[in-house]
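Enquirer: Following this message is one structure expressed as structure tokens.
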Amino acid sequence: MTNPIPRKISELPLLSSLSNNDFFPVVDVSDTALNSSGETKKVSYITLKTNIQNAIDTDFTETDPVFSASVAFDITQTDVDQWDAAYAWGNHAVQGYLQSLSAQSINNLVDVDTTGVATDNVLKWSGSAWIAGEVTSGTTINVLNDVGNVNITSVANNQVLKYNSTTSKWENSSQSDGISLSDLSVTSNSPSTSPSLSYNNTNGQFTYTPPDLSAVLQNVVNDTTPQLGGNLDLNSNNIDGTGNVNITGEVKASSLGINTNNATIAGTSGNNRDIKVIGGAPYYYDGTDWRQFYLIDAPTTIPSDTDWDNVMIRSTFDSDIVDVKYNVTPEKIYSTNSTSDAIDIVSAPRKVGGGSLRINSAARPQSRLRYPVTSNYSFTGAWTMEAWVFLDSNSWSTSAQSIFNGDGTSGEFALLVRQAFGVSSAIFSWYNSENSSHAGNTGSDIVTIAEGNIVGAWAHIALVRDSSDGTISLYINGTRQGNTITDNDIVNPDNFNIGGHSGQLNWSFNFDGYIDDVRISKSTRYTSDFTEPTTQLPISGTTSQISVPPRYVQGEIALGSSPTWTGMPGVTPSRLSDGRYRLTFATPYSTDEDYIVLAQGMDQGFGCYIEVNRYTDNVIFHIKRADIDANIDDGFIAVQVINK
């Protein structure tokens with residue numbers, strides 16, 4: 001190949017177009033390895049083109065011309081300023097422009113929702129787009145649409161806007177609502193003689209100062225009509241969170257009402273000196289027990305038992321088992337002679353008063369209340385045994401149950417009830433160990449009744465003996481029932497029992513159920529049908545019974561080194577020395593002559609006498625044997641303390 005002939009550039013032929021692979025000679029001045037002035041190299045057209053484009057994109061910034069005013073082209077300075085401002089907005093190719101606010105052209109706006117647009121609506125920014133002003137709220141261009149969701153339907157004069165959190169709207173307050181303190185940011189001051197409502201324009205808070213009525217209340221207190229007391233203190237620190245008002249001094253009124261009526265003593269709580277109505281009667285709490293009191297100024301006749309002298313046993317079973325006639329507390333026993341834990345006073349079921357006696361012989365056989373027979377008792381003549389009876393259906397069977405009975409080696413008797421074989425009936429019978437006609441296992445039958453009348457239900461039972469002929473009659477709910485039993489062979493037993501019977505001569509019987517309002521009398525109370533009692537029977541007697549005064553105390557001191565008191569609450573016994581005993585009152589008298597004391601020695605086995613010394617807070621007894629004038633520390637002292 002021959003070398004090309006060198007030619008001048010002007011002699012080279014023209015190239016009409018360049019292809020990507022055509023080369024340009026380039027001197028690389030950075031490469032001086034062969035020539036100190038740089039090395040001649042080649043570069044393709046496409047490479048040169050690409051490098052130039054990249055350099056333009058990164059190294060060059062287009063600058064639009066800044067126009068100036070030109071009279072020749074009718075360009076004013078205002079036009080120039082507007083073009084410059086528009087140029088500063090950015091890429092004009094992608095900007096949206098509001099061309100018109102007419103109803104026909106509003107759709108030209110970008111992201112404008114025109115759904116539901118009405119006359120005079122305005123545009124609102126929803127957070128993501130422009131939307132038409134709310135139509136349902138009633139806002140228009142003329143009335144408060146700039147406030148937001150404002151409901152101004154039925155606007156009246158002098159009304160204010162109130163925010164409704166339920167509808168999330170501002171609404172005008174109705175005329176019936178108006179505006180109250182609860183609608184405002186408000187605090188309260190202590191009462192002042194200058195009541196006011198002030199506003200702090202710095203924190204936007206109202207402050208209410210109520211009036212101080214202490215002076216007004218003092219005038220009411222000192223006024224004689226009406227008279228509320230010597231000192232009625234109604235300051236805020238004397239009003240507790242429950243609405244109670246603490247009053248110091250004496251409070252008087254035209255009437256005093258105690259509205260709450262507690263049905264029973266059992267379960268009624270009390271603080272010292274509380275007064276409450278219990279079972280319809282007023283009671284005072286002495287710190288230990290509830291004590292009934294009578295609001296009287298003079299002796300008053302009250303309903304009483306006109307045959308009280310013949311009562312042997314009278315128990316209400318409202319709160320205890322004590323016999324109120326002779327202040328006897330019977331023994332709780334079962335079987336032959338063991339203390340029973342299956343006898344309780346319960347609040348339900350009960351028939352009258354506050355409680356009833358529960359005897360559960362299913363748990364303890366022959367459980368009963370035992371009253372040792374004394375000279376106060378007699379069952380050889382006339383008598384009436386009555387009570388409300390409720391038999392437990394769980395233990396109801398053909399085995400006879402005893403309601404009333406006497407036991408002991410002297411003789412035994414019982415009123416029995418049992419289930420009839422094969423039918424739902426209850427059979428009452430009379431048993432007497434001393435009369436062969438009535439000495440069988442269940443004695444002699446008196447009457448058969450439907451068991452539902454006494455099993456799981458209350459029935460008033462009265463068993464009555466007429467001493468003139470020895471006849472015994474049974475009354476159930478006031479109506480005489482069945483056969484009349486004749487029995488002239490009854491003897492006084494060793495014990496009288498309510499509930500179960502533990503036979504020492506023949507048979508034993510259980511009782512499982514409830515007994516309420518017992519009265520045992522040594523008289524024939526009923527000779528014909530009567531209306532069964534709907535309230536408690538009397539617990540006192542004689543035809544002109546004087547009501548018991550508030551400080552009445554009755555009971556007995558059991559003598560000895562550690563004396564005990566049995567009877568009404570409110571006193572405490574103590575032994576001072578041989579034959580000397582003190583009875584201390586829970587609440588002292590004003591003077592030692594405000595009361596009288598009746599005292600009698602009991603069960604000493606010889607004659608005795610008692611010296612009594614009265615004091616405001618106690619009374620001292622000195623008991624001595626009459627025949628040898630010696631101090632006594634055996635037996636009992638019966639005591640009555642009565643207000644004058």
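Each chain of the structure tokens is named A, B, ... in the order shown, its residues numbered from 1; ligands are numbered from 1 in display order.
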Do you know which residues are at most 10 Å from stretch 47-57 of chain A counting only C-alpha atoms, after dropping those on the same chain fewer than 5 positions away, and could you put them as an mmCIF file with C-alpha atoms, in the first residue's frame?
Expert:
```cif
data_model
loop_
_atom_site.group_PDB
_atom_site.id
_atom_site.type_symbol
_atom_site.label_atom_id
_atom_site.label_comp_id
_atom_site.auth_asym_id
_atom_site.auth_seq_id
_atom_site.Cartn_x
_atom_site.Cartn_y
_atom_site.Cartn_z
ATOM 1 C CA ASN A 20 -21.607 7.667 13.811
ATOM 2 C CA ASN A 21 -18.378 5.845 13.056
ATOM 3 C CA ASP A 22 -16.622 8.764 11.315
ATOM 4 C CA PHE A 23 -13.542 9.988 13.194
ATOM 5 C CA PHE A 24 -12.108 13.390 14.077
ATOM 6 C CA GLU A 62 -30.979 28.658 29.915
#
```
Enquirer: List the spatial neighbours of stretch 2-19 of chain A as number ranges by chain - criterion: any atom at most 10 Å away, only C-alpha atoms, same-chain residues fewer than 6 positions off excluded.
Expert: A: 44-46
Enquirer: Could you check the closest approach to A:Ala363 for each of A:Glu39, A:Asp407, A:Asp512, A:Asp305 and tell me which residue wins, using only C-alpha atoms?
Expert: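 Using only C-alpha atoms, the shortest distance to A:Ala363 belongs to A:Asp512.
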Enquirer: Name all residues at most 10 Å from A:Thr572 (count only C-alpha atoms; drop same-chain ones fewer than 2 positions away) and give them as a list in words.
Expert: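 My list of contacting residues is Ile557, Pro563, Thr564, Trp565, Thr566, Pro569, Gly570, Ser574, Arg582, Leu583, Thr584, Phe585, Ala586 and Asn618 of chain A.
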Enquirer: Near stretch 334-344 of chain A, counting only C-alpha atoms, which residues have an atom at most 10 Å away, once you skip same-chain residues fewer than 3 positions from it, shown as a ChimeraX atom specification?
Expert: /A:317,319-321,331,347,355-370,499-504,508-510,512,514
Enquirer: What's the separation between atom CA of A:Gly560 and atom CA of A:Arg575, in Å to one decimal place?
Expert: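 These two atoms are separated by 7.6 Å.
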Enquirer: Taking the DSSP assignment computed from this structure's backbone, write out as a ChimeraX atom specification all residues of stretch 356-520 of chain A that belong to strand (DSSP E or B).
Expert: /A:356-360,368-372,383-391,401-407,413-419,425-432,444-450,455,459-466,471-476,479-486,495-499,501,509-510,512-520
Enquirer: Out of A:Val518, A:Val571, A:Ile628, A:Val328, which residue has the shortest atom-to-atom distance to A:Thr374 when counting only C-alpha atoms?
Expert: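 Of A:Val518, A:Val571, A:Ile628, A:Val328, the one nearest A:Thr374, counting only C-alpha atoms, is A:Val328.
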Enquirer: Can you pull out every residue within 6 Å of A:Arg580, counting only C-alpha atoms, but drop anything in the same chain fewer than 2 positions away, and send it as a VMD selection string?
Expert: chain A and resid 576 to 578 621 to 622
Enquirer: Go ahead and compute the interatomic distance for atom CA of A:Thr531 and atom CA of A:Asp307, in Å to one decimal.
Expert: 17.7 Å
Enquirer: Rank nothing, just name the residue among A:Phe379, A:Asn394, A:Asn488, A:Gln481 nearest to A:Ser429, using only C-alpha atoms.
Expert: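 Between A:Phe379, A:Asn394, A:Asn488, A:Gln481, the residue approaching A:Ser429 most closely is A:Gln481.
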Enquirer: Figure out the distance between atom CA of A:Gly635 and atom CA of A:Tyr609, please, to one decimal in Å.
Expert: 13.0 Å
Enquirer: Between A:Asn492, A:Ser562, A:Thr479, A:Ser590, which residue has the minimum interatomic distance to A:Asp634, considering only C-alpha atoms?
Expert: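 Of A:Asn492, A:Ser562, A:Thr479, A:Ser590, the one nearest A:Asp634, counting only C-alpha atoms, is A:Ser562.
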Enquirer: Counting only C-alpha atoms, figure out which residue out of A:Tyr526, A:Tyr581, A:Tyr552, A:Tyr377 gets nearest to A:Val612.
Expert: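 Comparing A:Tyr526, A:Tyr581, A:Tyr552, A:Tyr377 against A:Val612, the winner is A:Tyr581.
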Enquirer: Near stretch 267-274 of chain A, within 10 Å and counting only C-alpha atoms, which residues show up once chain neighbours fewer than 2 positions away are dropped, as a PDB file with N, CA and C atoms, in the first residue's frame?
Expert:
```pdb
ATOM      1  N   ASN A 262     -86.833   1.187 109.782  1.00  0.00           N
ATOM      2  CA  ASN A 262     -86.156  -0.105 109.701  1.00  0.00           C
ATOM      3  C   ASN A 262     -87.102  -1.177 110.206  1.00  0.00           C
ATOM      4  N   ALA A 263     -87.224  -2.260 109.449  1.00  0.00           N
ATOM      5  CA  ALA A 263     -88.214  -3.277 109.793  1.00  0.00           C
ATOM      6  C   ALA A 263     -87.869  -4.003 111.083  1.00  0.00           C
ATOM      7  N   THR A 264     -86.581  -4.267 111.320  1.00  0.00           N
ATOM      8  CA  THR A 264     -86.188  -5.066 112.475  1.00  0.00           C
ATOM      9  C   THR A 264     -84.965  -4.466 113.140  1.00  0.00           C
ATOM     10  N   ILE A 265     -84.797  -4.818 114.434  1.00  0.00           N
ATOM     11  CA  ILE A 265     -83.580  -4.435 115.135  1.00  0.00           C
ATOM     12  C   ILE A 265     -82.392  -5.172 114.541  1.00  0.00           C
ATOM     13  N   LYS A 276     -83.815   6.175 115.686  1.00  0.00           N
ATOM     14  CA  LYS A 276     -84.384   5.613 114.460  1.00  0.00           C
ATOM     15  C   LYS A 276     -85.758   5.013 114.752  1.00  0.00           C
ATOM     16  N   ILE A 278     -87.904   1.814 114.274  1.00  0.00           N
ATOM     17  CA  ILE A 278     -87.704   0.389 114.022  1.00  0.00           C
ATOM     18  C   ILE A 278     -89.028  -0.321 114.272  1.00  0.00           C
ATOM     19  N   TYR A 283     -86.644   4.282 118.565  1.00  0.00           N
ATOM     20  CA  TYR A 283     -85.609   3.610 119.344  1.00  0.00           C
ATOM     21  C   TYR A 283     -84.411   4.540 119.496  1.00  0.00           C
ATOM     22  N   TYR A 284     -83.716   4.391 120.622  1.00  0.00           N
ATOM     23  CA  TYR A 284     -82.510   5.155 120.934  1.00  0.00           C
ATOM     24  C   TYR A 284     -81.346   4.181 121.081  1.00  0.00           C
ATOM     25  N   TYR A 285     -80.186   4.520 120.451  1.00  0.00           N
ATOM     26  CA  TYR A 285     -79.022   3.635 120.526  1.00  0.00           C
ATOM     27  C   TYR A 285     -78.083   4.151 121.602  1.00  0.00           C
ATOM     28  N   ASP A 286     -77.839   3.321 122.655  1.00  0.00           N
ATOM     29  CA  ASP A 286     -77.024   3.752 123.786  1.00  0.00           C
ATOM     30  C   ASP A 286     -75.546   3.427 123.616  1.00  0.00           C
ATOM     31  N   GLY A 287     -75.157   3.043 122.424  1.00  0.00           N
ATOM     32  CA  GLY A 287     -73.772   2.677 122.158  1.00  0.00           C
ATOM     33  C   GLY A 287     -73.556   1.184 122.123  1.00  0.00           C
ATOM     34  N   THR A 288     -74.518   0.435 122.704  1.00  0.00           N
ATOM     35  CA  THR A 288     -74.435  -1.034 122.720  1.00  0.00           C
ATOM     36  C   THR A 288     -75.695  -1.676 122.165  1.00  0.00           C
ATOM     37  N   ASP A 289     -76.866  -1.174 122.597  1.00  0.00           N
ATOM     38  CA  ASP A 289     -78.144  -1.772 122.214  1.00  0.00           C
ATOM     39  C   ASP A 289     -79.129  -0.684 121.802  1.00  0.00           C
ATOM     40  N   TRP A 290     -80.103  -1.115 120.981  1.00  0.00           N
ATOM     41  CA  TRP A 290     -81.248  -0.254 120.660  1.00  0.00           C
ATOM     42  C   TRP A 290     -82.260  -0.362 121.792  1.00  0.00           C
ATOM     43  N   SER A 319     -85.381 -10.442 118.270  1.00  0.00           N
ATOM     44  CA  SER A 319     -83.927 -10.340 118.278  1.00  0.00           C
ATOM     45  C   SER A 319     -83.265 -11.334 119.218  1.00  0.00           C
ATOM     46  N   SER A 347     -84.335 -13.448 110.338  1.00  0.00           N
ATOM     47  CA  SER A 347     -85.205 -12.362 109.877  1.00  0.00           C
ATOM     48  C   SER A 347     -86.224 -12.828 108.853  1.00  0.00           C
ATOM     49  N   GLY A 354     -89.904  -8.495 114.027  1.00  0.00           N
ATOM     50  CA  GLY A 354     -88.639  -8.422 113.319  1.00  0.00           C
ATOM     51  C   GLY A 354     -87.927  -9.727 113.075  1.00  0.00           C
TER      52      GLY A 354
END
```
Enquirer: Could you name the residues that touch A:Trp396 at 10 Å or less, counting only C-alpha atoms, but leaving out those on the same chain fewer than 6 positions away, as a PDB file with N, CA and C atoms, in the first residue's frame?
Expert:
```pdb
ATOM      1  N   VAL A 417     -97.705 -33.070 115.014  1.00  0.00           N
ATOM      2  CA  VAL A 417     -98.198 -32.962 113.652  1.00  0.00           C
ATOM      3  C   VAL A 417     -97.339 -33.859 112.776  1.00  0.00           C
ATOM      4  N   ARG A 418     -97.996 -34.522 111.800  1.00  0.00           N
ATOM      5  CA  ARG A 418     -97.270 -35.448 110.916  1.00  0.00           C
ATOM      6  C   ARG A 418     -97.963 -35.504 109.566  1.00  0.00           C
ATOM      7  N   GLN A 419     -97.268 -36.090 108.599  1.00  0.00           N
ATOM      8  CA  GLN A 419     -97.829 -36.260 107.259  1.00  0.00           C
ATOM      9  C   GLN A 419     -98.665 -37.529 107.213  1.00  0.00           C
ATOM     10  N   ALA A 426    -101.836 -33.020 106.567  1.00  0.00           N
ATOM     11  CA  ALA A 426    -101.160 -32.897 107.856  1.00  0.00           C
ATOM     12  C   ALA A 426    -102.139 -33.311 108.951  1.00  0.00           C
ATOM     13  N   GLU A 451    -101.755 -30.198 103.848  1.00  0.00           N
ATOM     14  CA  GLU A 451    -100.422 -29.894 104.366  1.00  0.00           C
ATOM     15  C   GLU A 451     -99.913 -28.537 103.900  1.00  0.00           C
ATOM     16  N   VAL A 455     -97.175 -26.466 105.882  1.00  0.00           N
ATOM     17  CA  VAL A 455     -95.854 -26.844 105.362  1.00  0.00           C
ATOM     18  C   VAL A 455     -95.445 -25.806 104.321  1.00  0.00           C
ATOM     19  N   GLY A 456     -94.370 -25.068 104.634  1.00  0.00           N
ATOM     20  CA  GLY A 456     -93.940 -23.993 103.752  1.00  0.00           C
ATOM     21  C   GLY A 456     -94.845 -22.785 103.827  1.00  0.00           C
ATOM     22  N   PHE A 511     -88.589 -31.348 115.641  1.00  0.00           N
ATOM     23  CA  PHE A 511     -89.294 -30.224 115.026  1.00  0.00           C
ATOM     24  C   PHE A 511     -88.318 -29.560 114.072  1.00  0.00           C
ATOM     25  N   ASP A 512     -88.775 -29.335 112.836  1.00  0.00           N
ATOM     26  CA  ASP A 512     -87.928 -28.678 111.841  1.00  0.00           C
ATOM     27  C   ASP A 512     -88.753 -27.603 111.154  1.00  0.00           C
ATOM     28  N   GLY A 513     -88.487 -26.353 111.504  1.00  0.00           N
ATOM     29  CA  GLY A 513     -89.237 -25.251 110.911  1.00  0.00           C
ATOM     30  C   GLY A 513     -89.028 -23.969 111.686  1.00  0.00           C
TER      31      GLY A 513
END
```
